[in-house]
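Raw contents of structure-v9.cif, mmCIF, C-alpha atoms and all ligand atoms:
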data_input
loop_
_atom_site.label_atom_id
_atom_site.label_comp_id
_atom_site.auth_asym_id
_atom_site.auth_seq_id
_atom_site.Cartn_x
_atom_site.Cartn_y
_atom_site.Cartn_z
CA MET A 29 55.68 -128.40 -13.78
CA VAL A 30 55.85 -132.20 -14.00
CA LYS A 31 59.21 -133.67 -13.04
CA LYS A 32 59.68 -137.35 -13.84
CA PRO A 33 62.21 -139.47 -11.96
CA GLU A 34 65.08 -140.47 -14.19
CA ASN A 35 65.83 -143.92 -15.61
CA PHE A 36 68.24 -145.73 -13.42
CA ARG A 37 69.46 -149.06 -14.73
CA LYS A 38 69.92 -151.14 -17.83
CA LYS A 39 69.76 -154.87 -17.08
CA GLY A 40 71.05 -156.94 -19.98
CA ASP A 41 69.18 -155.45 -22.89
CA VAL A 42 66.19 -154.43 -20.78
CA TRP A 43 65.78 -150.88 -19.47
CA ILE A 44 64.24 -150.76 -16.04
CA GLU A 45 62.50 -147.50 -16.50
CA TRP A 46 60.29 -145.36 -14.29
CA LYS A 47 57.45 -143.86 -16.28
CA GLY A 48 55.29 -142.44 -13.52
CA LYS A 49 52.60 -143.74 -11.20
CA GLY A 50 50.75 -146.77 -12.47
CA SER A 51 53.22 -147.47 -15.24
CA PHE A 52 56.04 -149.92 -14.75
CA GLY A 53 58.54 -149.79 -17.59
CA ALA A 54 60.04 -153.20 -18.37
CA MET A 55 59.92 -154.54 -14.80
CA LYS A 56 58.01 -157.77 -14.36
CA HIS A 57 55.07 -157.29 -11.99
CA PRO A 58 53.95 -157.80 -9.36
CA ILE A 59 57.09 -157.34 -7.32
CA TYR A 60 56.52 -159.66 -4.39
CA LEU A 61 58.21 -158.40 -1.23
CA ASP A 62 55.98 -160.11 1.33
CA SER A 63 57.61 -163.49 1.85
CA ALA A 64 57.05 -163.35 5.61
CA ALA A 65 53.31 -163.50 4.82
CA THR A 66 53.68 -166.41 2.47
CA THR A 67 55.97 -167.68 -0.27
CA ALA A 68 55.50 -169.09 -3.75
CA LEU A 69 55.47 -172.87 -3.93
CA SER A 70 58.78 -173.98 -5.44
CA PRO A 71 58.66 -176.02 -8.66
CA GLU A 72 60.66 -178.77 -6.93
CA ALA A 73 58.18 -179.03 -4.05
CA LEU A 74 55.30 -179.09 -6.52
CA GLU A 75 57.02 -181.84 -8.50
CA ALA A 76 57.37 -183.94 -5.35
CA MET A 77 53.70 -183.34 -4.52
CA MET A 78 52.26 -184.05 -7.95
CA PRO A 79 51.94 -187.87 -7.69
CA TYR A 80 49.92 -187.42 -4.48
CA LEU A 81 47.65 -184.89 -6.15
CA THR A 82 47.01 -187.24 -9.05
CA GLU A 83 47.42 -191.01 -9.25
CA SER A 84 48.63 -191.75 -5.69
CA PHE A 85 45.48 -190.63 -3.93
CA GLY A 86 45.03 -193.57 -1.55
CA ASN A 87 44.06 -192.95 2.05
CA PRO A 88 47.17 -193.57 4.16
CA SER A 89 45.05 -195.48 6.67
CA SER A 90 43.85 -197.96 4.03
CA ILE A 91 45.50 -201.34 4.24
CA TYR A 92 45.77 -202.10 0.51
CA SER A 93 48.90 -201.13 -1.36
CA MET A 94 47.60 -197.80 -2.68
CA GLY A 95 47.03 -196.69 0.90
CA ARG A 96 50.28 -198.18 2.10
CA SER A 97 52.26 -196.25 -0.50
CA THR A 98 50.91 -192.91 0.73
CA ARG A 99 51.63 -193.97 4.32
CA VAL A 100 55.22 -194.63 3.25
CA ALA A 101 55.38 -191.16 1.67
CA ILE A 102 54.29 -189.57 4.95
CA GLU A 103 56.81 -191.55 6.98
CA MET A 104 59.60 -190.67 4.55
CA ALA A 105 58.63 -187.01 4.88
CA ARG A 106 58.67 -187.32 8.67
CA LYS A 107 62.17 -188.82 8.51
CA THR A 108 63.38 -185.98 6.30
CA VAL A 109 61.99 -183.34 8.64
CA ALA A 110 63.39 -185.11 11.70
CA ARG A 111 66.85 -185.45 10.13
CA THR A 112 66.87 -181.75 9.26
CA LEU A 113 66.06 -180.82 12.85
CA GLY A 114 68.40 -183.40 14.40
CA VAL A 115 65.65 -185.33 16.20
CA LYS A 116 63.85 -188.67 16.03
CA PRO A 117 60.94 -189.05 13.57
CA MET A 118 58.58 -189.97 16.42
CA SER A 119 58.87 -186.41 17.76
CA ILE A 120 57.51 -184.84 14.55
CA PHE A 121 53.75 -184.37 14.11
CA PHE A 122 52.19 -182.92 10.98
CA THR A 123 49.38 -180.41 11.45
CA SER A 124 47.35 -178.11 9.21
CA CYS A 125 49.41 -174.94 9.87
CA GLY A 126 51.63 -173.05 12.27
CA THR A 127 48.59 -171.77 14.12
CA GLU A 128 47.38 -175.29 14.89
CA SER A 129 50.86 -176.28 16.06
CA ASN A 130 51.00 -173.29 18.41
CA ASN A 131 47.51 -174.04 19.76
CA THR A 132 48.40 -177.68 20.38
CA ALA A 133 51.61 -176.83 22.22
CA ILE A 134 50.06 -174.16 24.43
CA LEU A 135 46.98 -176.18 25.35
CA SER A 136 49.00 -179.35 26.05
CA ALA A 137 51.44 -177.51 28.28
CA ILE A 138 48.57 -176.30 30.44
CA ARG A 139 46.15 -179.24 30.25
CA ASP A 140 48.60 -182.16 30.17
CA LEU A 141 51.93 -180.95 31.54
CA GLY A 142 50.79 -179.07 34.62
CA CYS A 143 51.77 -175.54 33.64
CA THR A 144 50.10 -173.06 35.95
CA SER A 145 51.29 -169.78 34.44
CA ILE A 146 52.35 -168.42 31.05
CA ILE A 147 55.29 -166.22 30.15
CA THR A 148 55.33 -164.88 26.61
CA SER A 149 56.17 -161.60 24.86
CA PRO A 150 54.00 -158.75 23.59
CA ILE A 151 55.33 -159.23 20.05
CA GLU A 152 54.39 -162.86 19.49
CA HIS A 153 52.25 -163.70 16.48
CA HIS A 154 48.54 -163.72 17.32
CA ALA A 155 48.63 -167.49 16.85
CA VAL A 156 50.51 -167.52 20.18
CA LEU A 157 49.34 -164.32 21.88
CA HIS A 158 45.60 -164.83 21.40
CA THR A 159 45.89 -168.53 22.26
CA ALA A 160 47.85 -167.78 25.43
CA GLU A 161 45.29 -165.12 26.41
CA HIS A 162 42.44 -167.52 25.71
CA TYR A 163 43.79 -170.36 27.83
CA SER A 164 45.00 -168.05 30.58
CA ARG A 165 41.38 -166.84 30.89
CA GLN A 166 39.90 -170.34 30.57
CA TYR A 167 42.21 -171.87 33.18
CA SER A 168 42.53 -168.69 35.29
CA LEU A 169 46.31 -168.62 34.95
CA PRO A 170 48.52 -165.55 35.26
CA LEU A 171 50.01 -164.39 31.97
CA ASP A 172 53.24 -162.41 32.12
CA LEU A 173 54.82 -160.48 29.25
CA VAL A 174 58.59 -160.38 29.16
CA ALA A 175 60.35 -157.01 28.69
CA LEU A 176 62.00 -156.22 25.36
CA ASP A 177 64.77 -153.88 24.39
CA GLU A 178 64.24 -151.07 21.85
CA GLU A 179 64.77 -153.45 18.96
CA GLY A 180 62.28 -156.01 20.18
CA VAL A 181 64.85 -158.44 21.56
CA VAL A 182 63.88 -160.31 24.73
CA ASP A 183 65.43 -158.97 27.91
CA TYR A 184 66.92 -162.22 29.24
CA ALA A 185 67.51 -160.80 32.72
CA ASP A 186 63.82 -159.90 32.93
CA LEU A 187 62.88 -163.38 31.72
CA GLU A 188 65.03 -164.95 34.42
CA GLN A 189 63.55 -162.63 37.01
CA LYS A 190 60.04 -163.65 35.96
CA LEU A 191 60.95 -167.35 36.01
CA LYS A 192 62.33 -166.92 39.53
CA GLN A 193 59.19 -165.13 40.66
CA HIS A 194 56.88 -167.79 39.19
CA GLN A 195 58.94 -170.48 40.91
CA ALA A 196 58.77 -168.59 44.21
CA ASP A 197 54.97 -168.38 43.75
CA GLY A 198 54.89 -172.17 43.38
CA ARG A 199 53.97 -172.03 39.70
CA LYS A 200 55.23 -174.05 36.75
CA PRO A 201 55.38 -171.70 33.79
CA LEU A 202 54.93 -172.29 30.09
CA VAL A 203 57.39 -170.02 28.28
CA SER A 204 56.33 -169.33 24.70
CA LEU A 205 58.80 -167.16 22.79
CA MET A 206 59.27 -167.00 19.05
CA TYR A 207 62.62 -167.71 17.40
CA ALA A 208 62.28 -164.99 14.74
CA ASN A 209 59.74 -162.19 14.77
CA ASN A 210 57.66 -162.07 11.61
CA GLU A 211 57.22 -158.28 11.62
CA ILE A 212 60.52 -156.82 12.80
CA GLY A 213 62.92 -159.74 12.53
CA SER A 214 64.20 -159.77 16.12
CA LEU A 215 65.79 -163.10 17.02
CA LEU A 216 65.75 -165.24 20.16
CA ASP A 217 68.65 -167.17 21.59
CA ILE A 218 66.68 -170.42 22.00
CA GLN A 219 69.66 -172.13 23.54
CA ARG A 220 69.81 -169.57 26.32
CA VAL A 221 66.05 -169.58 26.91
CA GLY A 222 66.04 -173.40 26.91
CA LEU A 223 68.70 -173.44 29.61
CA LEU A 224 66.82 -170.90 31.70
CA CYS A 225 63.60 -172.88 31.36
CA ARG A 226 65.40 -176.03 32.42
CA LEU A 227 66.90 -174.26 35.42
CA TYR A 228 63.49 -173.04 36.61
CA GLY A 229 61.45 -176.10 35.64
CA ALA A 230 59.46 -174.38 32.88
CA ILE A 231 58.06 -175.85 29.69
CA PHE A 232 59.50 -174.07 26.64
CA HIS A 233 57.62 -173.64 23.36
CA SER A 234 59.10 -171.68 20.48
CA ASP A 235 57.10 -170.52 17.48
CA CYS A 236 59.71 -171.17 14.80
CA VAL A 237 57.44 -170.44 11.84
CA GLN A 238 59.81 -167.78 10.46
CA ALA A 239 62.97 -169.68 11.39
CA VAL A 240 62.55 -173.30 10.28
CA ALA A 241 64.12 -173.63 6.80
CA HIS A 242 65.68 -170.17 7.23
CA TYR A 243 68.29 -171.24 9.78
CA PRO A 244 69.91 -174.58 10.57
CA ILE A 245 68.17 -175.72 13.75
CA ASN A 246 69.50 -178.66 15.69
CA LEU A 247 66.98 -179.51 18.36
CA SER A 248 69.14 -182.26 19.81
CA GLU A 249 71.25 -179.46 21.28
CA SER A 250 68.36 -177.36 22.57
CA PHE A 251 66.33 -177.67 25.73
CA VAL A 252 63.10 -176.98 23.95
CA HIS A 253 59.86 -178.90 24.50
CA PHE A 254 57.84 -177.77 21.47
CA ILE A 255 58.55 -175.95 18.23
CA SER A 256 56.09 -174.98 15.50
CA ALA A 257 56.65 -174.58 11.77
CA SER A 258 54.58 -173.87 8.67
CA GLY A 259 55.20 -175.06 5.09
CA HIS A 260 54.09 -171.95 3.23
CA LYS A 261 56.83 -169.79 4.76
CA PHE A 262 59.61 -171.60 2.90
CA HIS A 263 58.27 -172.34 -0.59
CA GLY A 264 56.23 -175.31 0.56
CA PRO A 265 52.47 -175.57 0.28
CA LYS A 266 49.84 -173.87 2.41
CA GLY A 267 47.72 -175.95 4.75
CA VAL A 268 50.50 -177.96 6.34
CA GLY A 269 52.42 -177.35 9.54
CA MET A 270 54.62 -179.26 11.92
CA LEU A 271 54.86 -179.58 15.67
CA TYR A 272 57.97 -180.97 17.31
CA VAL A 273 57.18 -182.52 20.67
CA ASN A 274 60.09 -183.50 22.88
CA PRO A 275 59.89 -187.30 23.28
CA SER A 276 60.03 -186.95 27.06
CA LEU A 277 56.50 -185.47 27.02
CA GLU A 278 53.16 -187.22 27.02
CA ILE A 279 50.38 -185.08 25.67
CA ALA A 280 46.83 -185.44 24.39
CA PRO A 281 45.61 -184.16 21.03
CA LEU A 282 43.93 -180.85 20.21
CA ILE A 283 41.79 -182.44 17.49
CA HIS A 284 40.00 -185.67 18.38
CA GLY A 285 38.83 -188.40 16.01
CA GLY A 286 40.83 -191.07 14.20
CA SER A 287 44.21 -192.44 15.17
CA GLN A 288 46.29 -190.54 12.61
CA GLU A 289 49.65 -189.12 13.69
CA ARG A 290 49.90 -191.75 16.41
CA ASN A 291 46.65 -190.54 17.99
CA MET A 292 48.04 -187.05 18.24
CA ARG A 293 46.23 -185.33 15.37
CA ALA A 294 43.04 -186.83 13.98
CA GLY A 295 41.95 -186.35 10.38
CA THR A 296 43.02 -187.89 7.08
CA GLU A 297 46.54 -186.70 6.41
CA ASN A 298 47.29 -183.98 3.87
CA VAL A 299 49.66 -186.31 2.02
CA TYR A 300 50.72 -183.99 -0.81
CA GLY A 301 51.09 -181.13 1.69
CA ILE A 302 53.29 -183.21 3.99
CA VAL A 303 55.43 -184.40 1.07
CA GLY A 304 55.76 -180.80 -0.19
CA PHE A 305 56.64 -179.56 3.31
CA ALA A 306 59.47 -182.06 3.65
CA ARG A 307 60.81 -181.46 0.14
CA ALA A 308 60.75 -177.68 0.57
CA LEU A 309 62.54 -177.95 3.91
CA GLU A 310 65.13 -180.31 2.48
CA LEU A 311 65.82 -177.98 -0.45
CA ALA A 312 66.00 -174.93 1.80
CA MET A 313 68.61 -176.54 4.02
CA GLU A 314 70.66 -177.84 1.08
CA ALA A 315 70.87 -174.31 -0.34
CA TYR A 316 70.99 -172.52 3.03
CA GLU A 317 74.49 -171.02 2.75
CA ALA A 318 74.02 -169.55 -0.73
CA ASP A 319 70.36 -168.55 -0.36
CA SER A 320 70.73 -166.91 3.03
CA ARG A 321 73.75 -164.94 1.82
CA TYR A 322 71.86 -163.84 -1.29
CA ILE A 323 68.69 -162.84 0.59
CA ALA A 324 70.69 -161.03 3.28
CA GLY A 325 72.40 -159.16 0.42
CA LEU A 326 69.02 -157.97 -0.90
CA ARG A 327 68.00 -156.83 2.56
CA GLY A 328 71.30 -154.97 2.97
CA LEU A 329 70.87 -153.37 -0.45
CA MET A 330 67.41 -152.13 0.42
CA ARG A 331 68.49 -150.84 3.80
CA GLY A 332 71.47 -149.02 2.30
CA LEU A 333 69.48 -147.46 -0.55
CA LEU A 334 66.75 -146.29 1.79
CA VAL A 335 69.26 -144.65 4.12
CA GLN A 336 70.95 -143.03 1.13
CA HIS A 337 67.82 -141.70 -0.55
CA LEU A 338 65.15 -141.19 2.08
CA PRO A 339 66.16 -138.84 4.89
CA GLY A 340 64.61 -139.61 8.25
CA VAL A 341 63.98 -143.28 7.50
CA ARG A 342 64.45 -145.64 10.45
CA PHE A 343 64.21 -149.39 10.95
CA ASN A 344 62.32 -151.52 13.42
CA GLY A 345 64.21 -154.48 14.81
CA PRO A 346 67.94 -155.19 14.90
CA GLU A 347 70.26 -154.59 11.96
CA GLN A 348 71.53 -158.15 12.35
CA GLY A 349 68.03 -159.58 12.63
CA LEU A 350 66.15 -162.14 10.55
CA TYR A 351 67.68 -161.78 7.07
CA THR A 352 64.37 -162.17 5.27
CA VAL A 353 62.64 -159.18 6.94
CA LEU A 354 63.22 -155.43 6.82
CA SER A 355 60.73 -153.36 8.78
CA VAL A 356 60.96 -149.74 7.74
CA CYS A 357 59.71 -146.76 9.66
CA PHE A 358 58.95 -143.89 7.23
CA PRO A 359 58.50 -140.39 8.69
CA ARG A 360 54.77 -139.72 8.83
CA SER A 361 53.53 -137.32 6.18
CA ALA A 362 50.42 -136.77 4.05
CA ARG A 363 51.81 -139.23 1.52
CA SER A 364 52.89 -141.91 3.99
CA GLU A 365 49.25 -142.39 5.06
CA SER A 366 48.45 -143.87 1.66
CA LEU A 367 51.82 -145.57 1.21
CA LEU A 368 50.61 -149.17 1.30
CA MET A 369 47.90 -148.37 -1.22
CA GLU A 370 50.32 -146.57 -3.51
CA LEU A 371 52.75 -149.50 -3.35
CA ASP A 372 49.88 -151.85 -4.18
CA GLN A 373 48.81 -149.70 -7.13
CA ALA A 374 52.40 -149.76 -8.35
CA GLY A 375 52.34 -153.56 -8.28
CA ILE A 376 54.59 -153.89 -5.23
CA CYS A 377 53.29 -156.35 -2.62
CA VAL A 378 54.28 -155.50 0.96
CA SER A 379 52.62 -155.46 4.40
CA GLY A 380 52.04 -152.89 7.10
CA GLY A 381 52.66 -155.55 9.73
CA SER A 382 51.88 -159.25 9.63
CA ALA A 383 49.37 -160.36 7.00
CA CYS A 384 47.26 -162.00 9.71
CA SER A 385 46.82 -158.71 11.61
CA SER A 386 46.30 -156.41 8.63
CA GLY A 387 42.83 -155.53 9.92
CA GLU A 388 44.05 -154.73 13.44
CA ALA A 389 42.60 -151.50 14.83
CA GLY A 390 45.32 -149.07 15.94
CA GLY A 391 48.02 -150.69 13.81
CA SER A 392 50.35 -153.55 14.55
CA HIS A 393 50.58 -154.78 18.16
CA VAL A 394 54.26 -155.50 17.51
CA ILE A 395 55.12 -151.94 16.51
CA ARG A 396 53.01 -150.58 19.38
CA ALA A 397 55.05 -152.69 21.81
CA LEU A 398 58.30 -151.04 20.70
CA ALA A 399 59.50 -147.84 22.29
CA ASN A 400 59.84 -144.60 20.27
CA ARG A 401 57.81 -145.60 17.25
CA ASP A 402 55.38 -142.67 17.27
CA GLY A 403 55.28 -140.47 14.20
CA CYS A 404 56.18 -143.12 11.68
CA THR A 405 54.49 -145.32 9.14
CA THR A 406 55.72 -148.90 9.14
CA VAL A 407 56.10 -151.03 6.05
CA ARG A 408 57.43 -154.56 6.21
CA PHE A 409 59.46 -155.67 3.23
CA SER A 410 60.32 -159.36 3.25
CA PHE A 411 62.44 -161.24 0.80
CA CYS A 412 63.10 -164.64 -0.70
CA LYS A 413 65.48 -166.30 -3.14
CA TYR A 414 63.26 -165.38 -6.09
CA ASN A 415 63.66 -161.62 -5.56
CA THR A 416 66.25 -159.65 -7.50
CA ALA A 417 68.40 -156.59 -6.90
CA GLU A 418 66.51 -154.86 -9.71
CA GLU A 419 63.25 -155.33 -7.86
CA ILE A 420 64.78 -153.75 -4.78
CA GLU A 421 66.14 -150.81 -6.76
CA TYR A 422 62.84 -150.35 -8.52
CA THR A 423 60.98 -150.35 -5.21
CA VAL A 424 63.34 -147.83 -3.63
CA ASN A 425 63.04 -145.65 -6.71
CA PHE A 426 59.29 -145.80 -6.39
CA LEU A 427 59.53 -144.83 -2.71
CA LYS A 428 61.84 -141.96 -3.63
CA SER A 429 59.25 -140.67 -6.02
CA VAL A 430 56.47 -141.00 -3.43
CA PHE A 431 58.42 -139.00 -0.88
CA SER A 432 59.97 -136.49 -3.27
CA PRO A 433 58.76 -132.91 -2.79
CA GLU A 434 57.81 -132.78 -6.48
CA LYS A 435 55.59 -135.83 -6.25
CA ALA A 436 52.46 -133.76 -5.89
CA GLY A 437 53.01 -132.55 -9.44
CA VAL A 438 53.84 -135.92 -11.06
CA GLU A 439 51.16 -136.89 -13.52
CA ALA A 440 49.28 -140.11 -12.94
N1 LIG A 501 53.73 -167.68 13.71
C1 LIG A 501 54.39 -166.80 12.96
C2 LIG A 501 55.64 -166.20 13.51
C3 LIG A 501 53.93 -166.46 11.68
O1 LIG A 501 54.62 -165.59 10.96
C4 LIG A 501 52.76 -167.07 11.21
C5 LIG A 501 52.22 -166.70 9.89
O2 LIG A 501 52.23 -165.55 9.51
C6 LIG A 501 52.11 -168.00 12.02
C7 LIG A 501 52.62 -168.28 13.27
C8 LIG A 501 50.88 -168.70 11.55
O3 LIG A 501 51.22 -169.70 10.63
P1 LIG A 501 50.10 -170.33 9.69
O4 LIG A 501 49.78 -169.30 8.66
O5 LIG A 501 50.72 -171.53 9.11
O6 LIG A 501 48.93 -170.64 10.56
#
Go ahead and express the file in the form of structure tokens.
Ligand code: PLP
Amino acid sequence: MVKKPENFRKKGDVWIEWKGKGSFGAMKHPIYLDSAATTALSPEALEAMMPYLTESFGNPSSIYSMGRSTRVAIEMARKTVARTLGVKPMSIFFTSCGTESNNTAILSAIRDLGCTSIITSPIEHHAVLHTAEHYSRQYSLPLDLVALDEEGVVDYADLEQKLKQHQADGRKPLVSLMYANNEIGSLLDIQRVGLLCRLYGAIFHSDCVQAVAHYPINLSESFVHFISASGHKFHGPKGVGMLYVNPSLEIAPLIHGGSQERNMRAGTENVYGIVGFARALELAMEAYEADSRYIAGLRGLMRGLLVQHLPGVRFNGPEQGLYTVLSVCFPRSARSESLLMELDQAGICVSGGSACSSGEAGGSHVIRALANRDGCTTVRFSFCKYNTAEEIEYTVNFLKSVFSPEKAGVEA
């Protein structure tokens, strides 16, 4: 006997109707719930970029006016980014992505700043974890992983203990800890870690790829040496990142060649990317209060509906974590094995873990690092200002149908 899930909502004059697997009623598809992987370019950022994709194509290193005007655009963008972060423009370097920023920070700390050990966490993005592992092997440096609580939050007492131990061993550590975890949304108190690093003479890098433009960050109040960011995580373009380098530091580049970025990052600048990065960041911070409240509301709605309708569901990461990410732990069953595929077929875009580690054997390294996560299938839902409550309700309704006992009989 085929049992179809019931209709659940009329929105304006449009029925959002469930008609069975592979059929989507009046809902606009795809439903994009993977903003931690990447976000859509905002129309405003695109508008700011357009002149540099069309008529203003001069090389910023050229001395004639067409080149000078693109140079000015880059320097204006740098000022915007610096103002947003409460620092001087000279401390902002544009890169090609968050990964490059992380690589630059980690290598410089070891090669140029005398770090002789690394302290990081087992749930960092691979852009940090693999880089730290690589350089720890190359330079024969000890690499220590800080303990986490059950929700993936850094154990600050353990961090201090490790810092003390490294100091006692005569080592100067690089501490690389992310502000906001991209898979489970756990957050770091960068103020507290900055103070600890200062106390024990460590260099502190924070991968802020999921935090810049999602939280107000004032670096003038933080004891942080490096932070990394990436434009495509906040409705800016792909292919552009940013590295903040504390002005007290003198470092050498990762990429050698021309004298762009004050000799810190060779290669003709991605002018339209840099302009789009700055515009997207500016817009995000202008609308921060309203957007963050709205997005947190969507996350809360999804969490509440899942608890209400799907018995046994659990969550990875803290309830009060990063408001753009909800990592859900579904009880393992025959259906949950194919959950990501079924969501994809239904036009709902989500991730199992981070997009960059989707091919990882044995599942996500982040989930594996958490205690008590056996017997569940993890799906990361991540949200942005373009999502709607209807999309959330539709997705939960779809999940209800997947996990309902009658599902086996629902016609395709
Ligand atoms: N760090 C974190 C926390 C991320 O989420 C990502 C992207 O998923 C990166 C670094 C890498 O950034 P990019 O894609 O710009 O290289």
Counting only C-alpha atoms and all ligand atoms, which residue out of A:Leu333, A:Leu176, A:Val353, A:Val299 sits closest to ligand LIG 501 (chain A)?
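Going through A:Leu333, A:Leu176, A:Val353, A:Val299 one by one, the smallest distance to ligand LIG 501 (chain A) is for A:Val353.
Taking atom CA of Val115 of chain A as the reference point, atom CA of Asn246 of chain A is found at 7.7 Å.
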For ligand LIG 501 (chain A), which of A:Asn209, A:Gln373, A:Ser250, A:Thr123 is the closest residue, counting all atoms listed in the file?
A:Asn209
Residues within 6 Å of Ala257 of chain A, please, as a tab-separated table (two decimals) with C-alpha atoms, keeping the file's coordinate frame. Count only C-alpha atoms; anything in the same chain fewer than 2 positions from it doesn't count.
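Listed below is the output, out.tsv:
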chain	number	residue	atom	x	y	z
A	126	GLY	CA	51.63	-173.05	12.27
A	236	CYS	CA	59.71	-171.17	14.80
A	237	VAL	CA	57.44	-170.44	11.84
A	269	GLY	CA	52.42	-177.35	9.54
A	270	MET	CA	54.62	-179.26	11.92
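Proximity ranking of A:Arg363, A:Arg96, A:Arg111, A:His233 relative to ligand LIG 501 (chain A) places A:His233 first, based on all atoms listed in the file.
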